[in-house]
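Novice: Okay, so here is input-v5.txt, and as you'll see once you scroll down, it has compact mmCIF, C-alpha atoms.
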```
# COMPACT_ATOMS: atom_id res chain seq x y z
CA MET A 12 -16.45 134.34 40.47
CA ASN A 13 -15.80 138.01 40.03
CA LEU A 14 -12.49 139.83 39.67
CA GLU A 15 -12.55 141.06 43.26
CA SER A 16 -12.26 137.56 44.72
CA ILE A 17 -9.81 136.17 42.14
CA ARG A 18 -7.54 139.15 42.69
CA GLU A 19 -6.61 138.13 46.21
CA LYS A 20 -5.70 134.50 45.26
CA ILE A 21 -2.00 133.66 45.47
CA ALA A 22 -1.90 132.15 41.99
CA TYR A 23 -3.19 135.38 40.50
CA GLN A 24 -0.04 137.33 41.45
CA PRO A 25 2.63 135.47 39.40
CA VAL A 26 0.28 135.25 36.43
CA LEU A 27 -0.34 139.00 36.61
CA LEU A 28 3.37 139.76 36.89
CA GLY A 29 4.11 137.39 34.02
CA VAL A 30 1.48 138.97 31.79
CA PHE A 31 2.81 142.46 32.46
CA ALA A 32 6.41 141.37 31.87
CA LEU A 33 5.33 139.83 28.57
CA LEU A 34 3.39 142.91 27.55
CA ALA A 35 6.34 145.12 28.45
CA SER A 36 8.83 143.01 26.47
CA GLY A 37 6.42 142.93 23.56
CA ALA A 38 6.07 146.70 23.61
CA LEU A 39 9.85 147.13 23.80
CA ALA A 40 10.51 144.66 20.99
CA TRP A 41 7.92 146.35 18.82
CA ALA A 42 9.29 149.83 19.58
CA SER A 43 12.84 148.70 18.95
CA SER A 44 12.06 147.22 15.55
CA ALA A 45 9.83 150.13 14.58
CA THR A 46 12.44 152.76 15.43
CA GLY A 47 15.68 150.92 14.65
CA GLU A 48 16.00 152.06 11.07
CA ALA A 49 15.08 155.67 11.76
CA ILE A 50 17.52 155.83 14.70
CA ALA A 51 20.36 154.40 12.60
CA ALA A 52 19.62 156.93 9.85
CA ALA A 53 19.51 159.81 12.34
CA GLU A 54 22.80 158.73 13.92
CA ALA A 55 24.47 158.41 10.53
CA LYS A 56 23.28 161.93 9.75
CA ASP A 57 24.70 163.17 13.07
CA LEU A 58 28.04 161.58 12.28
CA ARG A 59 28.04 163.08 8.79
CA ASP A 60 27.17 166.51 10.22
CA SER A 61 29.94 166.43 12.79
CA LEU A 62 32.44 165.09 10.25
CA SER A 63 31.61 167.85 7.80
CA GLU A 64 32.05 170.37 10.57
CA VAL A 65 35.75 169.57 11.02
CA LEU A 66 36.35 169.13 7.31
CA PRO A 67 36.54 172.38 5.33
CA GLN A 68 34.13 172.74 2.41
CA GLY A 69 35.25 171.26 -0.89
CA MET A 70 37.88 168.95 0.60
CA ALA A 71 36.11 165.77 -0.46
CA ASP A 72 34.11 164.48 -3.39
CA ASN A 73 33.58 160.97 -2.02
CA ASP A 74 31.18 159.57 0.58
CA PHE A 75 33.72 159.46 3.38
CA LEU A 76 31.26 157.71 5.73
CA LYS A 77 31.75 154.58 3.63
CA ASP A 78 35.50 154.97 2.95
CA THR A 79 36.87 153.80 6.27
CA VAL A 80 39.84 151.91 7.62
CA ASP A 81 40.11 150.44 11.12
CA LEU A 82 43.47 150.70 12.88
CA LYS A 83 44.69 149.76 16.34
CA ASN A 84 45.68 152.65 18.58
CA GLY A 85 47.11 150.88 21.61
CA GLU A 86 44.22 148.81 22.98
CA LYS A 87 41.47 150.59 21.11
CA THR A 88 40.33 150.30 17.52
CA VAL A 89 39.97 153.62 15.76
CA THR A 90 37.79 154.02 12.69
CA ILE A 91 39.30 156.46 10.24
CA TYR A 92 37.13 158.16 7.65
CA ARG A 93 39.02 159.12 4.51
CA ALA A 94 38.09 162.20 2.52
CA ARG A 95 39.22 161.85 -1.09
CA LYS A 96 39.31 164.22 -4.00
CA GLU A 97 39.66 162.60 -7.42
CA GLY A 98 40.66 159.37 -5.72
CA VAL A 99 43.53 160.84 -3.70
CA VAL A 100 43.22 160.87 0.12
CA LYS A 101 43.19 164.51 1.14
CA ALA A 102 42.29 164.20 4.79
CA ALA A 103 41.67 161.67 7.54
CA LEU A 104 38.97 162.10 10.18
CA PHE A 105 38.95 160.15 13.41
CA LYS A 106 37.98 160.25 17.08
CA VAL A 107 40.38 160.33 20.00
CA ALA A 108 39.59 160.33 23.71
CA GLU A 109 41.47 161.49 26.77
CA ARG A 110 40.59 161.53 30.44
CA GLY A 111 39.52 165.00 31.53
CA TYR A 112 38.52 166.36 34.91
CA ALA A 113 35.29 164.35 35.09
CA GLY A 114 35.38 161.45 32.68
CA ASP A 115 36.48 160.95 29.12
CA ILE A 116 36.53 163.80 26.65
CA GLN A 117 35.76 162.63 23.12
CA VAL A 118 37.42 164.65 20.40
CA LEU A 119 36.82 164.45 16.67
CA MET A 120 39.67 165.71 14.51
CA ALA A 121 40.52 166.07 10.84
CA VAL A 122 44.12 165.93 9.65
CA ASP A 123 45.17 166.65 6.06
CA SER A 124 47.63 164.50 4.14
CA ASP A 125 50.55 166.78 5.11
CA GLY A 126 49.84 166.21 8.80
CA LYS A 127 48.20 169.56 9.50
CA THR A 128 45.00 169.74 11.59
CA LEU A 129 42.02 170.95 9.62
CA GLY A 130 39.61 171.09 12.51
CA VAL A 131 38.99 169.81 16.03
CA ARG A 132 35.66 169.49 17.84
CA VAL A 133 34.73 168.09 21.21
CA LEU A 134 31.93 165.55 20.71
CA LYS A 135 31.21 164.50 24.27
CA HIS A 136 32.44 165.45 27.72
CA SER A 137 31.26 165.82 31.28
CA GLU A 138 33.41 168.73 32.43
CA THR A 139 32.21 171.34 34.91
CA PRO A 140 29.54 173.60 33.40
CA GLY A 141 30.70 177.18 33.26
CA LEU A 142 34.38 176.29 33.61
CA GLY A 143 35.54 173.34 31.57
CA ASP A 144 32.76 173.43 29.01
CA LYS A 145 34.51 176.24 27.10
CA ILE A 146 36.02 173.42 25.03
CA GLU A 147 32.67 173.28 23.20
CA VAL A 148 32.77 175.42 20.11
CA LYS A 149 29.24 176.67 20.92
CA LYS A 150 30.52 178.32 24.09
CA ASP A 151 34.04 179.45 23.20
CA PRO A 152 36.17 179.60 20.03
CA TRP A 153 39.13 178.13 21.95
CA VAL A 154 39.08 174.78 20.14
CA LYS A 155 39.59 176.55 16.79
CA GLY A 156 43.11 177.38 17.99
CA PHE A 157 44.19 173.93 16.82
CA ASP A 158 43.40 174.68 13.15
CA GLY A 159 46.50 174.56 10.97
CA LYS A 160 48.79 173.21 13.67
CA SER A 161 51.07 170.27 12.96
CA LEU A 162 53.61 168.22 14.87
CA GLY A 163 56.47 170.49 13.73
CA ASP A 164 54.53 173.72 14.31
CA PRO A 165 54.49 174.24 17.23
CA ALA A 166 57.50 172.18 18.35
CA PRO A 167 56.59 169.00 20.27
CA ASP A 168 57.37 170.53 23.67
CA LYS A 169 55.09 173.48 22.87
CA TRP A 170 52.09 171.16 22.45
CA ALA A 171 50.81 172.04 25.91
CA VAL A 172 48.81 174.70 27.74
CA LYS A 173 50.60 177.97 28.57
CA LYS A 174 50.91 177.01 32.22
CA ASP A 175 53.02 174.00 31.16
CA GLY A 176 55.16 176.11 28.81
CA GLY A 177 53.10 175.47 25.68
CA ILE A 178 51.20 177.75 23.35
CA PHE A 179 47.55 176.87 24.07
CA ASP A 180 45.46 178.96 26.45
CA GLN A 181 44.07 177.42 29.59
CA PHE A 182 40.82 178.68 31.17
CA ALA A 183 40.64 180.58 34.44
CA GLY A 184 39.91 177.94 37.06
CA ALA A 185 40.15 175.00 34.68
CA THR A 186 43.55 173.75 33.56
CA ILE A 187 42.95 170.02 33.58
CA THR A 188 40.27 170.16 30.89
CA PRO A 189 42.21 172.07 28.19
CA ARG A 190 45.33 170.09 29.11
CA ALA A 191 43.43 166.87 28.38
CA VAL A 192 42.16 168.19 25.04
CA VAL A 193 45.65 169.28 23.99
CA LYS A 194 46.95 165.85 24.97
CA ALA A 195 44.18 164.15 23.01
CA VAL A 196 44.89 166.16 19.85
CA LYS A 197 48.65 165.62 20.21
CA GLY A 198 47.97 161.90 20.62
CA GLY A 199 45.85 161.97 17.48
CA MET A 200 48.64 163.68 15.55
CA ASP A 201 51.19 161.10 16.75
CA PHE A 202 48.79 158.33 15.78
CA PHE A 203 48.28 159.82 12.32
CA THR A 204 52.02 160.23 11.74
CA ALA A 205 52.74 156.67 12.85
CA HIS A 206 50.11 155.19 10.55
CA LYS A 207 50.25 157.66 7.70
CA ALA A 208 51.21 155.07 5.10
CA GLU A 209 48.28 152.78 6.03
CA ILE A 210 45.79 155.64 6.14
CA ILE A 211 46.71 157.33 2.87
CA GLY A 212 47.15 153.92 1.26
CA MET B 18 -16.76 164.86 39.69
CA SER B 19 -17.27 168.60 39.63
CA GLU B 20 -15.26 171.44 38.13
CA ASN B 21 -14.28 172.28 41.66
CA HIS B 22 -12.73 168.85 42.11
CA TYR B 23 -10.39 169.31 39.13
CA GLY B 24 -9.63 172.79 40.38
CA SER B 25 -8.44 171.42 43.68
CA ILE B 26 -6.33 168.76 41.91
CA MET B 27 -4.67 171.51 39.89
CA LYS B 28 -4.06 173.67 42.96
CA ASP B 29 -2.66 170.64 44.78
CA GLY B 30 -0.15 169.88 42.03
CA LEU B 31 0.90 173.43 41.38
CA TRP B 32 1.18 174.65 44.95
CA ASP B 33 -0.14 172.72 47.97
CA SER B 34 1.64 169.41 47.27
CA ASN B 35 4.20 170.64 44.77
CA VAL B 36 6.53 167.74 43.93
CA VAL B 37 9.69 169.66 44.73
CA PHE B 38 8.66 172.31 47.24
CA SER B 39 6.22 170.29 49.38
CA GLN B 40 6.78 166.58 48.83
CA LEU B 41 10.54 167.01 48.40
CA LEU B 42 10.50 164.20 45.85
CA ALA B 43 12.62 163.90 42.71
CA MET B 44 15.65 165.55 44.28
CA CYS B 45 18.05 163.67 41.99
CA PRO B 46 16.86 165.19 38.71
CA THR B 47 16.14 168.49 40.46
CA MET B 48 19.74 168.96 41.58
CA ALA B 49 21.22 167.53 38.40
CA VAL B 50 19.50 169.59 35.73
CA THR B 51 18.73 172.94 37.33
CA THR B 52 22.04 174.50 36.34
CA SER B 53 20.09 176.70 33.93
CA GLY B 54 16.51 177.76 33.40
CA THR B 55 16.41 176.15 29.97
CA ASN B 56 17.51 172.77 31.32
CA GLY B 57 14.95 172.93 34.11
CA LEU B 58 12.19 173.75 31.65
CA GLY B 59 13.20 170.92 29.31
CA MET B 60 13.33 168.34 32.09
CA GLY B 61 10.01 169.56 33.47
CA LEU B 62 8.21 169.30 30.14
CA ALA B 63 9.58 165.81 29.40
CA THR B 64 8.57 164.65 32.88
CA THR B 65 5.09 166.14 32.53
CA ALA B 66 4.47 164.16 29.35
CA VAL B 67 5.57 160.89 30.96
CA LEU B 68 3.64 161.63 34.15
CA VAL B 69 0.35 162.21 32.31
CA VAL B 70 0.66 159.00 30.29
CA SER B 71 1.82 156.88 33.23
CA ASN B 72 -1.04 158.18 35.41
CA ILE B 73 -3.56 157.34 32.69
CA LEU B 74 -2.18 153.81 32.21
CA VAL B 75 -2.00 153.09 35.94
CA SER B 76 -5.55 154.33 36.40
CA MET B 77 -6.76 152.14 33.54
CA ILE B 78 -5.30 148.95 35.03
CA ARG B 79 -6.08 149.78 38.66
CA HIS B 80 -8.89 147.20 38.96
CA THR B 81 -6.83 144.38 37.43
CA VAL B 82 -3.71 144.84 39.52
CA SER B 83 -3.76 143.43 43.02
CA SER B 84 -2.30 145.49 45.81
CA GLN B 85 0.30 142.79 46.59
CA VAL B 86 2.19 143.10 43.31
CA ARG B 87 1.25 146.63 42.26
CA ILE B 88 4.72 148.14 42.85
CA PRO B 89 6.67 145.83 40.48
CA VAL B 90 3.90 146.17 37.90
CA PHE B 91 4.05 149.98 38.05
CA VAL B 92 7.85 149.99 37.91
CA VAL B 93 7.84 147.78 34.80
CA LEU B 94 5.11 149.92 33.25
CA ILE B 95 6.92 153.22 33.84
CA ALA B 96 10.32 151.90 32.75
CA THR B 97 8.80 150.50 29.56
CA LEU B 98 6.98 153.73 28.87
CA VAL B 99 10.10 155.85 29.32
CA THR B 100 12.15 153.53 27.11
CA VAL B 101 9.56 153.60 24.33
CA VAL B 102 9.35 157.41 24.52
CA ASP B 103 13.15 157.56 24.43
CA MET B 104 13.35 155.38 21.29
CA ALA B 105 10.46 157.12 19.55
CA MET B 106 11.95 160.56 20.15
CA ASN B 107 15.38 159.41 19.01
CA ALA B 108 13.87 158.10 15.79
CA TRP B 109 11.34 160.72 14.80
CA LEU B 110 12.15 163.88 16.76
CA HIS B 111 15.90 163.58 16.59
CA ASP B 112 16.72 167.28 16.92
CA LEU B 113 14.59 167.60 20.04
CA TYR B 114 16.09 164.34 21.30
CA LYS B 115 19.60 165.78 21.11
CA VAL B 116 18.50 168.49 23.54
CA LEU B 117 16.15 166.49 25.77
CA GLY B 118 17.62 163.00 25.37
CA LEU B 119 19.76 163.32 28.45
CA PHE B 120 16.68 164.10 30.55
CA ILE B 121 14.53 161.27 29.23
CA ALA B 122 16.83 158.62 30.69
CA LEU B 123 16.84 160.51 34.00
CA ILE B 124 13.03 160.32 34.22
CA VAL B 125 13.27 156.62 35.12
CA VAL B 126 14.90 157.57 38.42
CA ASN B 127 12.22 160.16 39.13
CA CYS B 128 10.35 158.78 42.14
CA ALA B 129 7.64 161.40 41.71
CA ILE B 130 6.18 159.34 38.86
CA LEU B 131 5.85 156.16 40.92
CA GLY B 132 4.75 158.38 43.79
CA ARG B 133 1.79 159.77 41.83
CA ALA B 134 0.87 156.29 40.58
CA GLU B 135 0.78 155.08 44.18
CA ALA B 136 -0.77 158.10 45.82
CA PHE B 137 -3.33 159.10 43.23
CA ALA B 138 -3.79 157.18 39.99
CA VAL B 139 -4.33 153.79 41.63
CA LYS B 140 -7.34 155.17 43.51
CA SER B 141 -8.81 157.54 40.93
CA GLY B 142 -10.56 157.65 37.60
CA VAL B 143 -8.73 158.07 34.29
CA VAL B 144 -9.63 161.72 33.70
CA ALA B 145 -8.83 162.79 37.25
CA SER B 146 -5.49 160.92 37.02
CA ALA B 147 -4.64 162.67 33.77
CA VAL B 148 -5.43 166.04 35.36
CA ASP B 149 -3.33 165.12 38.38
CA GLY B 150 -0.41 164.10 36.15
CA LEU B 151 -0.65 167.38 34.30
CA ALA B 152 -0.89 169.45 37.48
CA MET B 153 1.98 167.67 39.21
CA GLY B 154 4.07 167.86 36.04
CA LEU B 155 3.46 171.57 35.59
CA GLY B 156 4.22 172.18 39.27
CA PHE B 157 7.46 170.25 38.81
CA THR B 158 8.27 172.22 35.63
CA GLY B 159 7.63 175.51 37.40
CA ALA B 160 9.81 174.54 40.36
CA LEU B 161 12.70 173.36 38.18
CA THR B 162 12.52 176.45 35.99
CA VAL B 163 12.54 178.80 39.00
CA ILE B 164 15.48 177.01 40.68
CA GLY B 165 17.29 176.83 37.33
CA LEU B 166 16.79 180.53 36.61
CA ILE B 167 18.02 181.61 40.06
CA ARG B 168 21.08 179.34 39.90
CA GLU B 169 21.83 180.44 36.37
CA PHE B 170 21.44 184.11 37.18
CA LEU B 171 23.65 183.99 40.28
CA GLY B 172 26.11 181.49 38.87
CA ALA B 173 26.61 182.64 35.30
CA GLY B 174 24.82 185.99 35.01
CA THR B 175 22.53 184.78 32.24
CA LEU B 176 18.84 183.91 31.96
CA PHE B 177 17.46 181.19 29.68
CA ALA B 178 20.82 180.74 27.94
CA GLN B 179 20.43 178.51 24.85
CA ALA B 180 16.63 178.59 25.08
CA SER B 181 16.51 178.78 21.29
CA ASN B 182 18.08 175.30 21.11
CA LEU B 183 15.18 173.89 23.11
CA LEU B 184 12.21 175.94 21.96
CA GLY B 185 13.26 177.07 18.50
CA PRO B 186 14.82 180.31 17.23
CA SER B 187 11.65 182.36 17.86
CA PHE B 188 12.31 182.09 21.59
CA ALA B 189 15.76 183.66 21.37
CA PHE B 190 14.30 186.84 22.95
CA LEU B 191 14.18 184.98 26.29
CA GLU B 192 17.96 184.80 26.41
CA MET B 193 19.48 187.49 28.56
CA LYS B 194 22.95 188.21 29.80
CA LEU B 195 24.08 190.46 32.61
CA PRO B 196 27.07 192.34 31.23
CA GLY B 197 30.24 192.48 33.30
CA TYR B 198 29.25 189.77 35.80
CA GLY B 199 31.46 186.71 35.88
CA GLY B 200 29.13 184.67 38.06
CA ALA B 201 29.56 182.83 41.33
CA LEU B 202 30.44 179.32 40.20
CA LEU B 203 29.33 177.82 43.52
CA MET B 204 25.71 178.36 42.52
CA ILE B 205 26.10 176.17 39.42
CA LEU B 206 27.78 173.40 41.41
CA PRO B 207 25.73 171.07 43.65
CA PRO B 208 26.05 173.11 46.90
CA GLY B 209 24.41 176.06 45.17
CA GLY B 210 21.48 173.86 44.22
CA PHE B 211 20.88 172.80 47.81
CA ALA B 212 21.28 176.37 49.08
CA ILE B 213 18.78 177.81 46.58
CA LEU B 214 16.30 175.01 47.26
CA GLY B 215 16.61 175.68 51.00
CA PHE B 216 15.89 179.39 50.61
CA LEU B 217 12.94 178.71 48.31
CA LEU B 218 11.48 176.16 50.76
CA ALA B 219 11.81 178.63 53.62
CA GLY B 220 10.22 181.33 51.48
CA LYS B 221 7.26 179.10 50.62
CA ARG B 222 6.72 178.25 54.30
CA VAL B 223 6.71 181.93 55.27
CA MET B 224 4.24 182.74 52.51
CA GLU B 225 1.96 179.91 53.56
CA ARG B 226 1.99 181.03 57.19
CA ARG B 227 1.14 184.60 56.18
CA MET B 228 -1.73 183.32 54.06
CA ASP B 229 -3.02 181.15 56.92
CA GLU B 230 -2.85 184.08 59.36
CA LYS B 231 -4.76 186.29 56.97
CA ALA B 232 -7.41 183.62 56.47
CA ALA B 233 -7.72 183.14 60.24
CA ALA B 234 -8.05 186.89 60.82
CA ARG B 235 -10.74 187.09 58.17
CA ALA B 236 -12.62 184.19 59.75
CA GLU B 237 -12.44 185.87 63.15
CA LEU B 238 -13.75 189.11 61.69
CA ALA B 239 -16.63 187.28 60.09
CA ALA B 240 -17.47 185.52 63.36
CA ALA B 241 -17.38 188.73 65.42
```
Show how you would write the structure in this file as structure tokens.
Specialist:
Amino acid sequence: MNLESIREKIAYQPVLLGVFALLASGALAWASSATGEAIAAAEAKDLRDSLSEVLPQGMADNDFLKDTVDLKNGEKTVTIYRARKEGVVKAALFKVAERGYAGDIQVLMAVDSDGKTLGVRVLKHSETPGLGDKIEVKKDPWVKGFDGKSLGDPAPDKWAVKKDGGIFDQFAGATITPRAVVKAVKGGMDFFTAHKAEIIG
Amino acid sequence: MSENHYGSIMKDGLWDSNVVFSQLLAMCPTMAVTTSGTNGLGMGLATTAVLVVSNILVSMIRHTVSSQVRIPVFVVLIATLVTVVDMAMNAWLHDLYKVLGLFIALIVVNCAILGRAEAFAVKSGVVASAVDGLAMGLGFTGALTVIGLIREFLGAGTLFAQASNLLGPSFAFLEMKLPGYGGALLMILPPGGFAILGFLLAGKRVMERRMDEKAAARAELAAA
């Protein structure tokens, strides 16, 4: 019998499908195991790069990727990376998220042991291109306006965009996005203050 | 298979049956990524690579696969291929992945790939299928880049913004900005995409009719 005639038989179809499903799972399993290590290494490097971006040079002499503490912030667990110099915690780095105009905005921030922000960066967002995406440092220096701020400076009611009586600029045509980022950073500061003892240890 | 044959496959992919402008396939990625020329180019190149490989694979297995179950087999094949490409790029071309990664996942929903498997690769030889994948992919890339550039220019007043992130610093000369133009945001948002696509489609139709009329006039002249 040749392939032509077998191909039309009903039993051929499930066998064919099964073989292809097996081949596909095999290929995926192989690819996953072959790339797993390299992907983990690349992601760790990404994390290190973004952490060092919010942390000023020379703030840490430890491997802060490994010096972590997990704390509860409401429902969510937050991983805090601790930057130490000569064994003393100098700064804490952690992620906060707040709902923006179109989905969650993920913010990475670094706070020093006195409760002052060292740096803030937006890691991930889906805000409107051309309007809300000015929160990315690549597109606008706006997010650097948080550097050096603390819960006392400005006063708590000034932690808002100018439209709401605060000190942070909003963007023309996009108020919700910067408002969410301000709220996220403020939330991060509150979180740090509340758990300062556990973080600094 | 003559030179001429491959020539007509190329012409088909680039112009006559252009994925976006003639077949009107792949509208989802087209609308989603053409907010700038750079994004359009990136999506187009990633799709071209997947299209060539998927066409080759489908053509290779075309005698084994029966027509009754070919669709699920092709879907599994393409989804597996895209996932493997996604993982491989994430692992070994991580910098490129950070720029193109978003597009790779979107390729799975690109019906043009299954469309070419069905319409061409399943009936044709491996080399012809590879050429078809390349031609269709380049036609798609060209269409996305053109739509992206127009939307970007009208919407933000720039051309090829952030091209150096995609292509490397030596391509920074492509980046242009129109000074003193704030941009019409509507063009970046989805309605602008549909509007631009509509105008381009109309333009292509007009051009084709002109070309047909010219060809007809020439034929008449030759007959007279």
Novice: Identify, on the basis of only C-alpha atoms, every residue whose closest approach to stretch 145-153 of chain B does not exceed 8 Å; exclude the query and any residue fewer than 6 positions from it along the same chain; express the result as a list of chain:residue names.
Specialist: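 My list of contacting residues is B:Tyr23, B:Ile26, B:Met27, B:Lys28, B:Asp29, B:Gly30, B:Leu31, B:Asn35, B:Val36, B:Thr65, B:Ala66, B:Leu68, B:Val69, B:Val70, B:Asn72, B:Ile73, B:Ser76, B:Arg133, B:Phe137, B:Ala138.
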Novice: Up to 7 Å from chain B, what residues of chain A turn up? Count only C-alpha atoms and give them as a list in words.
Specialist: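 Those within range of chain B come out as Arg18, Glu19, Gln24, Leu28, Phe31, Ala35, Leu39, Ala42, Thr46, Ala49, Ile50 and Ala53 of chain A.
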Novice: Take the residues that were just selected and, keeping C-alpha atoms, output them as a JSON list (two decimals), in the frame of the given file.
Specialist:
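Output file again13.json follows:
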```json
[["chain", "number", "residue", "atom", "x", "y", "z"],
["A", 18, "ARG", "CA", -7.54, 139.15, 42.69],
["A", 19, "GLU", "CA", -6.61, 138.13, 46.21],
["A", 24, "GLN", "CA", -0.04, 137.33, 41.45],
["A", 28, "LEU", "CA", 3.37, 139.76, 36.89],
["A", 31, "PHE", "CA", 2.81, 142.46, 32.46],
["A", 35, "ALA", "CA", 6.34, 145.12, 28.45],
["A", 39, "LEU", "CA", 9.85, 147.13, 23.80],
["A", 42, "ALA", "CA", 9.29, 149.83, 19.58],
["A", 46, "THR", "CA", 12.44, 152.76, 15.43],
["A", 49, "ALA", "CA", 15.08, 155.67, 11.76],
["A", 50, "ILE", "CA", 17.52, 155.83, 14.70],
["A", 53, "ALA", "CA", 19.51, 159.81, 12.34]]
```
Novice: Let me have the centre and edge lengths of the axis-aligned box enclosing all listed atoms of stretch 124-131 of chain A with 8 Å padding on every side, in Å to one decimal, as AutoDock Vina command-line options.
Specialist:
```
--center_x 44.8 --center_y 167.8 --center_z 10.1 --size_x 27.6 --size_y 22.6 --size_z 27.9
```
Novice: For B:Glu192, list every protein, DNA or RNA residue within 8 Å, evaluated using only C-alpha atoms, and leave out those in the same chain fewer than 4 positions away; present the list as an mmCIF file with C-alpha atoms, in the frame of the given file.
Specialist:
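Output file part.cif is given in full below:
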```cif
data_model
loop_
_atom_site.group_PDB
_atom_site.id
_atom_site.type_symbol
_atom_site.label_atom_id
_atom_site.label_comp_id
_atom_site.auth_asym_id
_atom_site.auth_seq_id
_atom_site.Cartn_x
_atom_site.Cartn_y
_atom_site.Cartn_z
ATOM 1 C CA THR B 175 22.530 184.780 32.240
ATOM 2 C CA LEU B 176 18.840 183.910 31.960
ATOM 3 C CA PHE B 177 17.460 181.190 29.680
ATOM 4 C CA ALA B 178 20.820 180.740 27.940
ATOM 5 C CA GLN B 179 20.430 178.510 24.850
ATOM 6 C CA ALA B 180 16.630 178.590 25.080
ATOM 7 C CA PHE B 188 12.310 182.090 21.590
#
```
Novice: How many Å separate atom CA of B:Pro208 from atom CA of B:Arg222?
Specialist: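 These two atoms are separated by 21.3 Å.
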Novice: One decimal, in Å: what's the spacing between atom CA of A:Ile187 and atom CA of A:Tyr112?
Specialist: 5.9 Å
Novice: Enter the distance from atom CA of A:Met200 to atom CA of A:Arg132, in Å, rounded to one decimal.
Specialist: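 Separation of atom CA of A:Met200 and atom CA of A:Arg132: 14.4 Å.
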Novice: Skipping near chain neighbours, those fewer than 5 positions away, what residues fall within 10 Å of stretch 119-123 of chain B using only C-alpha atoms, listed as a PyMOL selection string?
Specialist: chain B and resi 45-46+49-50+56-57+59-64+67+96+99-100+102-104+106+114
Novice: So, with all atoms listed in the file as the atoms that count, which of B:Asp33, B:Arg79, B:Leu113, B:Leu42 lies closest to B:Leu183?
Specialist: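 The shortest atom-to-atom distance to B:Leu183 comes from B:Leu113.
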Novice: Fewer than 5 positions away in the same chain doesn't count, so skip those; otherwise give me all residues within 12 Å of stretch 204-212 of chain A, counting all atoms listed in the file, as a PyMOL selection string.
Specialist: chain A and resi 78-85+89-95+98-105+122-128+161-163+197-199
Novice: Check the smallest atom-to-atom distance from each of B:Leu117, B:Leu74, B:Met48, B:Ala233 to B:Leu214 using only C-alpha atoms, then report the winner.
Specialist: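 For B:Leu214, the nearest of the given residues is B:Met48.
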Novice: Using only C-alpha atoms, which of A:Ser43, A:Ser137, A:Gln68, A:Gln117 sits nearest A:Val193?
Specialist: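 Counting only C-alpha atoms, the residue closest to A:Val193 is A:Gln117.
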Novice: Hey, could you patch up stretch 181-193 of chain A with N, CA and C atoms and hand it over as a CSV table (one decimal), keeping the file's coordinate frame?
Specialist:
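Saved as part.csv:
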```
chain,number,residue,atom,x,y,z
A,181,GLN,N,44.9,178.2,28.7
A,181,GLN,CA,44.1,177.4,29.6
A,181,GLN,C,42.9,178.4,30.0
A,182,PHE,N,41.9,177.8,30.7
A,182,PHE,CA,40.8,178.7,31.2
A,182,PHE,C,41.0,179.0,32.6
A,183,ALA,N,40.5,180.2,33.0
A,183,ALA,CA,40.6,180.6,34.4
A,183,ALA,C,39.9,179.5,35.3
A,184,GLY,N,40.6,178.9,36.2
A,184,GLY,CA,39.9,177.9,37.1
A,184,GLY,C,39.8,176.5,36.5
A,185,ALA,N,40.2,176.4,35.2
A,185,ALA,CA,40.2,175.0,34.7
A,185,ALA,C,41.4,174.8,33.8
A,186,THR,N,42.3,174.0,34.3
A,186,THR,CA,43.6,173.8,33.6
A,186,THR,C,43.5,172.3,33.1
A,187,ILE,N,42.9,171.4,33.9
A,187,ILE,CA,43.0,170.0,33.6
A,187,ILE,C,42.2,169.7,32.3
A,188,THR,N,41.1,170.4,32.1
A,188,THR,CA,40.3,170.2,30.9
A,188,THR,C,41.0,170.5,29.6
A,189,PRO,N,41.5,171.8,29.4
A,189,PRO,CA,42.2,172.1,28.2
A,189,PRO,C,43.5,171.2,28.0
A,190,ARG,N,44.1,170.9,29.2
A,190,ARG,CA,45.3,170.1,29.1
A,190,ARG,C,45.0,168.7,28.5
A,191,ALA,N,43.8,168.2,28.9
A,191,ALA,CA,43.4,166.9,28.4
A,191,ALA,C,43.1,167.0,26.9
A,192,VAL,N,42.5,168.1,26.5
A,192,VAL,CA,42.2,168.2,25.0
A,192,VAL,C,43.4,168.3,24.2
A,193,VAL,N,44.4,169.1,24.7
A,193,VAL,CA,45.6,169.3,24.0
A,193,VAL,C,46.3,167.9,23.9
```
